[in-house]
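Visitor: Would you mind keeping the following structure in view while I ask a few things?
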Protein chains: 4
Amino acid sequence: MRIDLNSDMGESFGAYTIGHDAGLMKSITSANVAAGFHAGDPTVLRETIRLAKTHGVAVGAHPGFPDLAGFGRRELHVTPREAEDLVLYQIAAVAGVAAAEGVRLQHVKPHGALFNMAVKDAVLADAIVRAVAAFDKTLILFTLPGSEILKAGRAAGLRVAAEIFADRAYEPDGTLVSRRKPGSVIHDAQTVVKRAVRMVNDAVVVAIDGTTIALEADTICVHGDTPGSDALAAALRAGLEAAGITVMAIGRL
Amino acid sequence: MRIDLNSDMGESFGAYTIGHDAGLMKSITSANVAAGFHAGDPTVLRETIRLAKTHGVAVGAHPGFPDLAGFGRRELHVTPREAEDLVLYQIAAVAGVAAAEGVRLQHVKPHGALFNMAVKDAVLADAIVRAVAAFDKTLILFTLPGSEILKAGRAAGLRVAAEIFADRAYEPDGTLVSRRKPGSVIHDAQTVVKRAVRMVNDAVVVAIDGTTIALEADTICVHGDTPGSDALAAALRAGLEAAGITVMAIGRL
Amino acid sequence: MRIDLNSDMGESFGAYTIGHDAGLMKSITSANVAAGFHAGDPTVLRETIRLAKTHGVAVGAHPGFPDLAGFGRRELHVTPREAEDLVLYQIAAVAGVAAAEGVRLQHVKPHGALFNMAVKDAVLADAIVRAVAAFDKTLILFTLPGSEILKAGRAAGLRVAAEIFADRAYEPDGTLVSRRKPGSVIHDAQTVVKRAVRMVNDAVVVAIDGTTIALEADTICVHGDTPGSDALAAALRAGLEAAGITVMAIGRL
Amino acid sequence: MRIDLNSDMGESFGAYTIGHDAGLMKSITSANVAAGFHAGDPTVLRETIRLAKTHGVAVGAHPGFPDLAGFGRRELHVTPREAEDLVLYQIAAVAGVAAAEGVRLQHVKPHGALFNMAVKDAVLADAIVRAVAAFDKTLILFTLPGSEILKAGRAAGLRVAAEIFADRAYEPDGTLVSRRKPGSVIHDAQTVVKRAVRMVNDAVVVAIDGTTIALEADTICVHGDTPGSDALAAALRAGLEAAGITVMAIGRL
């Protein structure tokens with residue numbers, strides 16, 4: 001059994017520092033690097049790619065809405081054309097800076113509101129997929145199982161990775177329990193590790209109502225901006241490996 | 001004899017339109033495409049590259065300071081590291097969007113204050129050259145004859161193009177007459193054409209004091225944001241060709 | 001009978017020029033001045049206020065979403081708290097620059113998507129109204145008849161102005177015909193003038209289906225960014241005055 | 001003897017947090033509140049003013065260059081007209097938001113590179129002073145002793161406060177020792193407190209060469225973005241009060 005561990009990286013901006021990049025890079029296998037629209041800047045981007053290279057972590061582009069004030073978490077109703085072009089631009093920037101550091105881009109993971117909107121909006125999903133495909137058809141698209149963007153990616157012939165969340169509760173239909181509901185986030189590291197091992201080994205998860213549901217799992221998302229996220233990532237990696245699971249970047253699988 | 005004609009392109013932004021791109025593309029051979037920091041946006045950038053491709057015009061990156069409010073024309077004292085990284089980011093973005101349109105990047109021309117500062121500041125010039133070389137050592141760097149950045153580019157083994165201005169008066173030392181002085185800009189199209197032909201055929205120009213001075217000339221800059229710039233560009237191209245000079249993109253020479 | 005004529009002003013930004021401010025100021029009575037988030041900059045803002053003062057035109061704040069790339073026309077899902085604070089900030093900026101020029105702020109008109117969303121979204125409407133009331137309870141709020149923001153403004157005790165569009169077709173329910181439908185915009189100046197006169201004198205308009213509907217009318221919106229908008233504004237003012245209607249800023253009524 | 005303690009506040013932006021505002025507000029008497037150009041946003045600005053009001057801390061505007069990426073610390077060569085207008089806009093925004101919270105603006109302190117450039121550049125200093133005076137001639141201008149901006153402020157009839165740094169070494173000519181030199185910053189809290197008491201009580205400081213020099217002192221700057229800055233501020237206030245010095249906002253002196 002094999003699994004990828006991904007985390008959002010490079011979200012600092014100028015004098016503003018956010019996240020625990022140096023700590024997390026020791027445990028993850030794929031870095032989603034902010035492209036400068038919702039977070040990140042050219043120097044942070046390059047530094048993050050160098051850090052990933054040092055740790056043998058694969059690099060992906062993490063495009064978001066042009067909304068630094070909202071950290072890309074606010075819905076912005078751009079046209080499909082605007083969405084396609086702003087995703088293409090951001091992939092190009094990350095890929096080009098990575099190439100200058102001798103690193104080949106592995107994947108694309110849309111950020112925040114862009115990601116969430118593309119889960120349900122087929123037109124937006126298509127626009128994002130067109131941008132990825134126009135740039136490089138071998139890039140892996142990170143998405144939610146069952147989402148419009150996963151469908152759009154497969155229809156376009158892209159390799160698509162199903163992302164799961166070991167520290168989040170699931171509804172019986174396979175969607176995430178809303179953060180507004182009690183029990184939506186799992187804080188105990190050992191519980192998170194056990195869930196992750198079961199998700200990978202058995203392709204199932206116990207939903208919030210106690211039922212066991214099936215779940216595709218190509219990569220596990222590790223949140224980077226919460227206190228203790230680097231310790232959780234380390235525990236997760238150690239726990240997965242102790243269970244005999246190979247933890248490696250998805251592009252190398 | 002051969003010459004390249006270049007112009008700044010793709011400087012519109014969202015609802016704001018600037019320049020005469022559609023008209024100029026008919027006459028020029030190299031487009032310096034704004035990269036989104038001092039001007040341009042992802043949709044304008046892509047549209048401009050498509051327009052260049054349609055007209056067989058070569059595409060270059062036109063990186064500038066992150067100062068949309070000042071159109072990149074105000075000195076901004078970034079560190080050499082910041083300069084290197086913001087130039088690399090912008091080259092990467094333009095090159096990647098061009099690649100998605102099947103176009104290979106030909107050149108890099110720094111914009112506005114970044115260009116002017118790098119003429120005299122050897123440290124900044126080195127930073128820009130490092131960015132170009134890190135991205136692609138075959139890119140052509142557009143610069144002023146006699147500048148620090150031309151020296152830095154040559155020292156790094158880059159191909160360097162000397163840019164001249166057919167509609168600007170020259171001092172006897174080969175620098176441009178300041179725009180604040182009378183006679184600095186030549187408005188008569190036929191005079192501009194005659195100067196251009198002589199610059200290319202004889203590698204000389206008559207300076208403002210009447211002396212004839214030598215001048216390297218690889219590419220002529222056509223200003224795009226002045227009224228009538230498209231007509232001047234058309235006259236320039238026609239005049240050069242009528243004089244038996246081949247007008248073509250420098251990367252194809 | 002009396003009416004106010006308002007137009008969006010001060011939407012240029014740095015090197016980018018938009019609109020026909022100098023021409024329109026001769027005909028309008030209230031200027032909605034961009035506050036620097038969706039358009040405008042500090043120098044344009046101050047210049048626009050000076051221009052309004054010279055022409056005896058009343059000054060209002062025209063706050064929008066922080067989305068220069070989208071000119072404030074794209075929906076951005078900010079929280080009520082964010083909406084309140086960004087509207088307050090923009091009103092403060094315009095009012096303070098106006099005060100430095102000896103001009104007292106007359107009104108507030110939200111811009112673009114912020115305006116359109118507040119027509120239907122009672123929570124957002126309340127947030128905007130809270131910002132206006134926190135700054136100055138004597139400011140006049142420009143809104144659509146029948147909108148949530150008009151209701152919220154009245155509930156908070158603000159003076160509210162009903163805005164009408166002489167160059168737009170109306171549905172029988174008093175809403176505007178969508179720009180995507182044929183016949184939504186009326187281009188003939190004389191037809192626009194006749195409609196405006198009837199709107200003011202009889203408080204009615206003929207809807208697109210031929211029925212005559214009642215319509216409150218405190219201020220007529222003159223679009224400033226279309227070719228010929230200054231000529232239309234001049235025709236509108238002349239036509240209204242020829243019909244015996246007093247055209248003056250609403251705050252002076 | 002009386003003294004004011006000031007610190008830069010409200011420099012967080014969206015998801016990015018910087019500084020120790022809540023801790024420092026307990027000890028300082030004047031807050032320089034970021035205006036949204038080099039740092040801060042509308043919600044942070046309003047929250048900071050509320051926090052200052054709660055602690056009885058006087059509020060000032062802290063205008064900077066429009067350079068969030070550089071935190072306003074990079075020289076940006078704007079024209080005098082641009083400088084005047086961008087300072088006026090920022091003062092207006094802070095003053096208006098403060099007024100909505102029932103707080104009257106006390107002072108203006110330019111930030112970072114804008115401050116440093118105005119120390120030496122008389123033309124820029126005049127532009128800043130014109131903006132302050134145009135907005136409100138009773139505002140207090142915080143500046144360095146001996147600077148061009150202090151001269152310009154006095155010439156325009158503004159009340160000017162001389163700012164000193166208790167944790168920085170001085171050259172014999174009264175300027176600060178460059179941060180690049182050893183001994184430029186004093187880290188020991190008790191030494192800082194002793195220096196501050198002597199600066200206020202005797203209007204002198206011992207320079208880095210051991211000579212005792214005279215020094216005007218109206219307000220002491222407390223750096224807010226360094227670890228332990230809140231503890232240093234508390235020690236400073238306690239030490240000054242223990243020495244019988246009244247610590248209060250300069251506008252109340």
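Each chain in the structure tokens gets a letter, A, B, ..., in the order shown, and its residues are numbered from 1; ligands are numbered from 1 in order too.
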Report as JSON lines the residues of chain D within 10 Å of chain B, each with its shortest atom pair and distance in Å (one decimal), using only C-alpha atoms, ordered by chain and increasing residue number.
Guide:
{"residue": "D:Pro66", "atom": "CA", "partner": "B:Asp67", "partner_atom": "CA", "distance": 8.3}
{"residue": "D:Asp67", "atom": "CA", "partner": "B:Asp67", "partner_atom": "CA", "distance": 7.8}
{"residue": "D:Ala69", "atom": "CA", "partner": "B:Pro66", "partner_atom": "CA", "distance": 8.4}
{"residue": "D:Gly70", "atom": "CA", "partner": "B:Val78", "partner_atom": "CA", "distance": 8.1}
{"residue": "D:Arg73", "atom": "CA", "partner": "B:His77", "partner_atom": "CA", "distance": 9.2}
{"residue": "D:Arg74", "atom": "CA", "partner": "B:His77", "partner_atom": "CA", "distance": 5.4}
{"residue": "D:Glu75", "atom": "CA", "partner": "B:His77", "partner_atom": "CA", "distance": 5.2}
{"residue": "D:Leu76", "atom": "CA", "partner": "B:Leu76", "partner_atom": "CA", "distance": 4.5}
{"residue": "D:His77", "atom": "CA", "partner": "B:Glu75", "partner_atom": "CA", "distance": 5.2}
{"residue": "D:Val78", "atom": "CA", "partner": "B:Arg74", "partner_atom": "CA", "distance": 6.3}
{"residue": "D:Thr79", "atom": "CA", "partner": "B:Arg74", "partner_atom": "CA", "distance": 8.8}
{"residue": "D:Glu82", "atom": "CA", "partner": "B:Gly70", "partner_atom": "CA", "distance": 9.8}
{"residue": "D:Ala113", "atom": "CA", "partner": "B:His77", "partner_atom": "CA", "distance": 9.9}
Visitor: May I have the residues from that selection written out with N, CA, C and O atoms, as a short mmCIF file (atom, residue, chain, number, x, y, z; two decimals), in the first residue's frame?
Guide:
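Writing done, so here's out28.cif:
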data_model
loop_
_atom_site.label_atom_id
_atom_site.label_comp_id
_atom_site.auth_asym_id
_atom_site.auth_seq_id
_atom_site.Cartn_x
_atom_site.Cartn_y
_atom_site.Cartn_z
N PRO D 66 2.44 52.83 -0.77
CA PRO D 66 1.56 51.73 -1.21
C PRO D 66 2.39 50.53 -1.63
O PRO D 66 2.53 50.27 -2.81
N ASP D 67 2.94 49.81 -0.65
CA ASP D 67 3.88 48.72 -0.94
C ASP D 67 3.74 47.68 0.16
O ASP D 67 4.61 47.53 1.03
N ALA D 69 3.92 44.50 -0.17
CA ALA D 69 4.94 43.47 -0.34
C ALA D 69 6.24 43.85 0.36
O ALA D 69 6.99 42.99 0.79
N GLY D 70 6.51 45.13 0.47
CA GLY D 70 7.73 45.60 1.11
C GLY D 70 7.50 46.18 2.49
O GLY D 70 8.41 46.73 3.09
N ARG D 73 8.81 49.60 3.66
CA ARG D 73 10.21 49.86 4.07
C ARG D 73 11.14 50.12 2.89
O ARG D 73 12.33 50.35 3.08
N ARG D 74 10.63 50.04 1.67
CA ARG D 74 11.47 50.24 0.49
C ARG D 74 11.23 51.64 -0.07
O ARG D 74 10.08 52.07 -0.21
N GLU D 75 12.32 52.31 -0.44
CA GLU D 75 12.16 53.64 -1.04
C GLU D 75 11.33 53.52 -2.31
O GLU D 75 11.62 52.68 -3.17
N LEU D 76 10.34 54.38 -2.44
CA LEU D 76 9.51 54.44 -3.65
C LEU D 76 9.48 55.90 -4.07
O LEU D 76 9.02 56.76 -3.31
N HIS D 77 9.98 56.18 -5.29
CA HIS D 77 10.15 57.57 -5.67
C HIS D 77 8.89 58.13 -6.32
O HIS D 77 8.81 58.26 -7.53
N VAL D 78 7.93 58.47 -5.46
CA VAL D 78 6.69 59.10 -5.92
C VAL D 78 6.95 60.59 -6.13
O VAL D 78 7.92 61.14 -5.61
N THR D 79 6.08 61.24 -6.88
CA THR D 79 6.19 62.69 -7.04
C THR D 79 5.69 63.37 -5.76
O THR D 79 4.95 62.77 -4.98
N GLU D 82 1.97 63.09 -5.65
CA GLU D 82 1.51 61.76 -5.23
C GLU D 82 1.69 61.57 -3.73
O GLU D 82 0.82 61.02 -3.04
N ALA D 113 10.03 53.83 5.01
CA ALA D 113 10.82 54.56 4.02
C ALA D 113 10.27 55.97 3.81
O ALA D 113 11.04 56.90 3.55
#
Visitor: If you count only C-alpha atoms, which residues fall within 7 Å of Val247 in chain A, apart from same-chain ones fewer than 2 positions away, as a list in words?
Guide: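 My list of contacting residues is Arg2, Ile3, Asp4, Glu241 and Ile245 of chain A.
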Visitor: Output C-alpha atoms for every residue in the selection just made, as a short mmCIF file (atom, residue, chain, number, x, y, z; two decimals), in the first residue's frame.
Guide:
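result-v4.cif written:
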data_model
loop_
_atom_site.label_atom_id
_atom_site.label_comp_id
_atom_site.auth_asym_id
_atom_site.auth_seq_id
_atom_site.Cartn_x
_atom_site.Cartn_y
_atom_site.Cartn_z
CA ARG A 2 1.17 3.51 -0.82
CA ILE A 3 0.04 7.01 -0.03
CA ASP A 4 1.06 10.64 -0.65
CA GLU A 241 5.13 3.70 7.82
CA ILE A 245 2.48 1.71 4.12
#
Visitor: Just the residues within 7 Å of Ala58 in chain B, please, counting only C-alpha atoms, with nothing from its chain fewer than 4 positions along; format it as a PyMOL selection string.
Guide: chain B and resi 29-31+52+106+249
Visitor: Could you pull out the strand (DSSP E) residues of range 28-247 of chain B from DSSP and send them as an NGL selection string?
Guide: :B and (30-34 or 58-62 or 107-108 or 140-143 or 159-164 or 204-206 or 212-214 or 219-222 or 246-247)
Visitor: Step one, run DSSP on the backbone; step two, keep only residues of range 87-242 of chain D assigned to alpha helix (DSSP H); then write them as a PyMOL selection string.
Guide: chain D and resi 87-100+112-120+122-135+148-155+189-202+229-242
Visitor: Applying 8 Å and only C-alpha atoms, which residues near Ile220 in chain D remain after dropping the ones on its own chain fewer than 5 positions away? List them as a PyMOL selection string.
Guide: chain D and resi 3-6+163-166+196
Visitor: Suppose we keep all heavy atoms; can you now write the selection as a PDB file, in the first residue's frame?
Guide:
ATOM      1  N   ILE D   3       6.252  62.549  29.564  1.00  0.00           N
ATOM      2  CA  ILE D   3       6.676  61.935  28.293  1.00  0.00           C
ATOM      3  C   ILE D   3       5.531  61.100  27.730  1.00  0.00           C
ATOM      4  O   ILE D   3       4.662  60.624  28.457  1.00  0.00           O
ATOM      5  CB  ILE D   3       7.954  61.063  28.488  1.00  0.00           C
ATOM      6  CG1 ILE D   3       8.607  60.745  27.128  1.00  0.00           C
ATOM      7  CG2 ILE D   3       7.616  59.761  29.213  1.00  0.00           C
ATOM      8  CD1 ILE D   3       9.327  61.913  26.484  1.00  0.00           C
ATOM      9  N   ASP D   4       5.577  60.946  26.403  1.00  0.00           N
ATOM     10  CA  ASP D   4       4.625  60.114  25.663  1.00  0.00           C
ATOM     11  C   ASP D   4       5.352  58.836  25.222  1.00  0.00           C
ATOM     12  O   ASP D   4       6.553  58.871  24.933  1.00  0.00           O
ATOM     13  CB  ASP D   4       4.150  60.919  24.438  1.00  0.00           C
ATOM     14  CG  ASP D   4       3.197  60.171  23.537  1.00  0.00           C
ATOM     15  OD1 ASP D   4       2.208  59.600  24.029  1.00  0.00           O
ATOM     16  OD2 ASP D   4       3.431  60.177  22.308  1.00  0.00           O
ATOM     17  N   LEU D   5       4.633  57.719  25.181  1.00  0.00           N
ATOM     18  CA  LEU D   5       5.206  56.469  24.644  1.00  0.00           C
ATOM     19  C   LEU D   5       4.394  56.055  23.423  1.00  0.00           C
ATOM     20  O   LEU D   5       3.193  55.819  23.535  1.00  0.00           O
ATOM     21  CB  LEU D   5       5.126  55.330  25.683  1.00  0.00           C
ATOM     22  CG  LEU D   5       5.982  55.403  26.928  1.00  0.00           C
ATOM     23  CD1 LEU D   5       5.824  54.102  27.731  1.00  0.00           C
ATOM     24  CD2 LEU D   5       7.445  55.615  26.578  1.00  0.00           C
ATOM     25  N   ASN D   6       5.038  55.961  22.263  1.00  0.00           N
ATOM     26  CA  ASN D   6       4.284  55.596  21.046  1.00  0.00           C
ATOM     27  C   ASN D   6       4.783  54.296  20.453  1.00  0.00           C
ATOM     28  O   ASN D   6       5.940  53.909  20.630  1.00  0.00           O
ATOM     29  CB  ASN D   6       4.343  56.734  20.023  1.00  0.00           C
ATOM     30  CG  ASN D   6       5.630  56.740  19.223  1.00  0.00           C
ATOM     31  OD1 ASN D   6       5.796  55.956  18.303  1.00  0.00           O
ATOM     32  ND2 ASN D   6       6.565  57.627  19.587  1.00  0.00           N
ATOM     33  N   GLU D 163      10.827  62.743  18.443  1.00  0.00           N
ATOM     34  CA  GLU D 163      10.778  61.340  18.845  1.00  0.00           C
ATOM     35  C   GLU D 163      12.188  60.837  19.164  1.00  0.00           C
ATOM     36  O   GLU D 163      13.125  61.087  18.416  1.00  0.00           O
ATOM     37  CB  GLU D 163      10.183  60.523  17.707  1.00  0.00           C
ATOM     38  CG  GLU D 163       9.999  59.069  18.050  1.00  0.00           C
ATOM     39  CD  GLU D 163       9.390  58.293  16.894  1.00  0.00           C
ATOM     40  OE1 GLU D 163       9.909  58.395  15.775  1.00  0.00           O
ATOM     41  OE2 GLU D 163       8.396  57.586  17.110  1.00  0.00           O
ATOM     42  N   ILE D 164      12.304  60.117  20.260  1.00  0.00           N
ATOM     43  CA  ILE D 164      13.591  59.532  20.613  1.00  0.00           C
ATOM     44  C   ILE D 164      13.449  58.022  20.747  1.00  0.00           C
ATOM     45  O   ILE D 164      12.340  57.484  20.840  1.00  0.00           O
ATOM     46  CB  ILE D 164      14.155  60.116  21.922  1.00  0.00           C
ATOM     47  CG1 ILE D 164      13.110  59.956  23.037  1.00  0.00           C
ATOM     48  CG2 ILE D 164      14.553  61.572  21.739  1.00  0.00           C
ATOM     49  CD1 ILE D 164      13.677  60.162  24.403  1.00  0.00           C
ATOM     50  N   PHE D 165      14.615  57.343  20.761  1.00  0.00           N
ATOM     51  CA  PHE D 165      14.644  55.884  20.800  1.00  0.00           C
ATOM     52  C   PHE D 165      15.496  55.469  21.991  1.00  0.00           C
ATOM     53  O   PHE D 165      16.717  55.617  21.969  1.00  0.00           O
ATOM     54  CB  PHE D 165      15.230  55.347  19.499  1.00  0.00           C
ATOM     55  CG  PHE D 165      14.397  55.711  18.299  1.00  0.00           C
ATOM     56  CD1 PHE D 165      14.519  56.969  17.709  1.00  0.00           C
ATOM     57  CD2 PHE D 165      13.460  54.820  17.796  1.00  0.00           C
ATOM     58  CE1 PHE D 165      13.732  57.319  16.622  1.00  0.00           C
ATOM     59  CE2 PHE D 165      12.674  55.178  16.707  1.00  0.00           C
ATOM     60  CZ  PHE D 165      12.807  56.419  16.126  1.00  0.00           C
ATOM     61  N   ALA D 166      14.852  54.919  23.007  1.00  0.00           N
ATOM     62  CA  ALA D 166      15.587  54.566  24.227  1.00  0.00           C
ATOM     63  C   ALA D 166      16.412  53.305  24.043  1.00  0.00           C
ATOM     64  O   ALA D 166      17.373  53.077  24.792  1.00  0.00           O
ATOM     65  CB  ALA D 166      14.600  54.378  25.381  1.00  0.00           C
ATOM     66  N   ALA D 196      16.146  56.086  29.166  1.00  0.00           N
ATOM     67  CA  ALA D 196      14.899  56.811  28.946  1.00  0.00           C
ATOM     68  C   ALA D 196      14.677  57.837  30.056  1.00  0.00           C
ATOM     69  O   ALA D 196      14.324  58.996  29.794  1.00  0.00           O
ATOM     70  CB  ALA D 196      13.726  55.832  28.880  1.00  0.00           C
TER      71      ALA D 196
END
Visitor: By how many Å are CA of Ala207 in chain A and CA of Lys120 in chain A apart?
Guide: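 The value is 21.3 Å.
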Visitor: Could you name the residues that touch Gly19 in chain A at 9 Å or less, counting only C-alpha atoms, but leaving out those on the same chain fewer than 6 positions away, as a compact mmCIF listing (two decimals) with C-alpha atoms, in the first residue's frame?
Guide:
# COMPACT_ATOMS: atom_id res chain seq x y z
CA ASP A 8 -0.15 23.92 1.51
CA MET A 9 3.22 25.70 1.57
CA GLY A 10 4.78 29.07 0.79
CA GLU A 11 1.90 31.20 2.04
CA SER A 12 4.06 33.83 3.74
CA GLY A 224 -0.22 23.56 7.69
CA ASP A 225 -1.53 26.66 9.39
CA THR A 226 -2.70 25.15 12.68
CA PRO A 227 -0.55 24.99 15.83
CA SER A 229 0.59 20.77 12.45
Visitor: With a distance cut-off of 6 Å and only C-alpha atoms, select the neighbouring residues of Gly60 in chain A, excluding the residue or stretch itself and same-chain residues fewer than 2 positions from it, and output the selection as a list of chain:residue names.
Guide: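 In the requested form, the answer reads A:Ala31, A:Asn32, A:Val33, A:Leu105, A:Gln106, A:His107, A:Val108.
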Visitor: Write the residues of the preceding selection, restricted to N, CA, C and O atoms, as a compact mmCIF listing (two decimals), in the first residue's frame.
Guide:
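Result file is result38.txt:
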# COMPACT_ATOMS: atom_id res chain seq x y z
N ALA A 31 4.26 19.22 -1.91
CA ALA A 31 3.99 20.58 -1.43
C ALA A 31 3.14 21.32 -2.44
O ALA A 31 3.49 21.38 -3.62
N ASN A 32 2.01 21.87 -1.97
CA ASN A 32 1.18 22.73 -2.81
C ASN A 32 1.66 24.16 -2.60
O ASN A 32 1.39 24.76 -1.56
N VAL A 33 2.39 24.70 -3.57
CA VAL A 33 3.07 25.98 -3.35
C VAL A 33 2.24 27.15 -3.86
O VAL A 33 1.88 27.21 -5.04
N LEU A 105 7.44 20.29 -12.18
CA LEU A 105 6.15 20.40 -11.50
C LEU A 105 5.43 19.06 -11.54
O LEU A 105 5.33 18.43 -12.59
N GLN A 106 4.90 18.64 -10.40
CA GLN A 106 4.21 17.35 -10.32
C GLN A 106 2.69 17.49 -10.43
O GLN A 106 2.03 16.69 -11.07
N HIS A 107 2.13 18.50 -9.77
CA HIS A 107 0.68 18.54 -9.66
C HIS A 107 0.13 19.95 -9.53
O HIS A 107 0.88 20.92 -9.42
N VAL A 108 -1.21 20.04 -9.59
CA VAL A 108 -1.93 21.30 -9.38
C VAL A 108 -3.04 21.03 -8.38
O VAL A 108 -3.79 20.06 -8.54
Visitor: Quick one: everything within 9 Å of Gly174 in chain D, counting only C-alpha atoms, minus sequence neighbours fewer than 6 positions away in the same chain. Send it as a list in words.
Guide: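 So, after excluding close chain neighbours, the residues are Pro145, Gly146, Val205, Ala207, Ile213, Ala214 and Leu215 of chain D.
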Visitor: For CA of Asp126 in chain B and CA of Ile91 in chain B, quote the distance in Å rounded to one decimal.
Guide: 15.8 Å
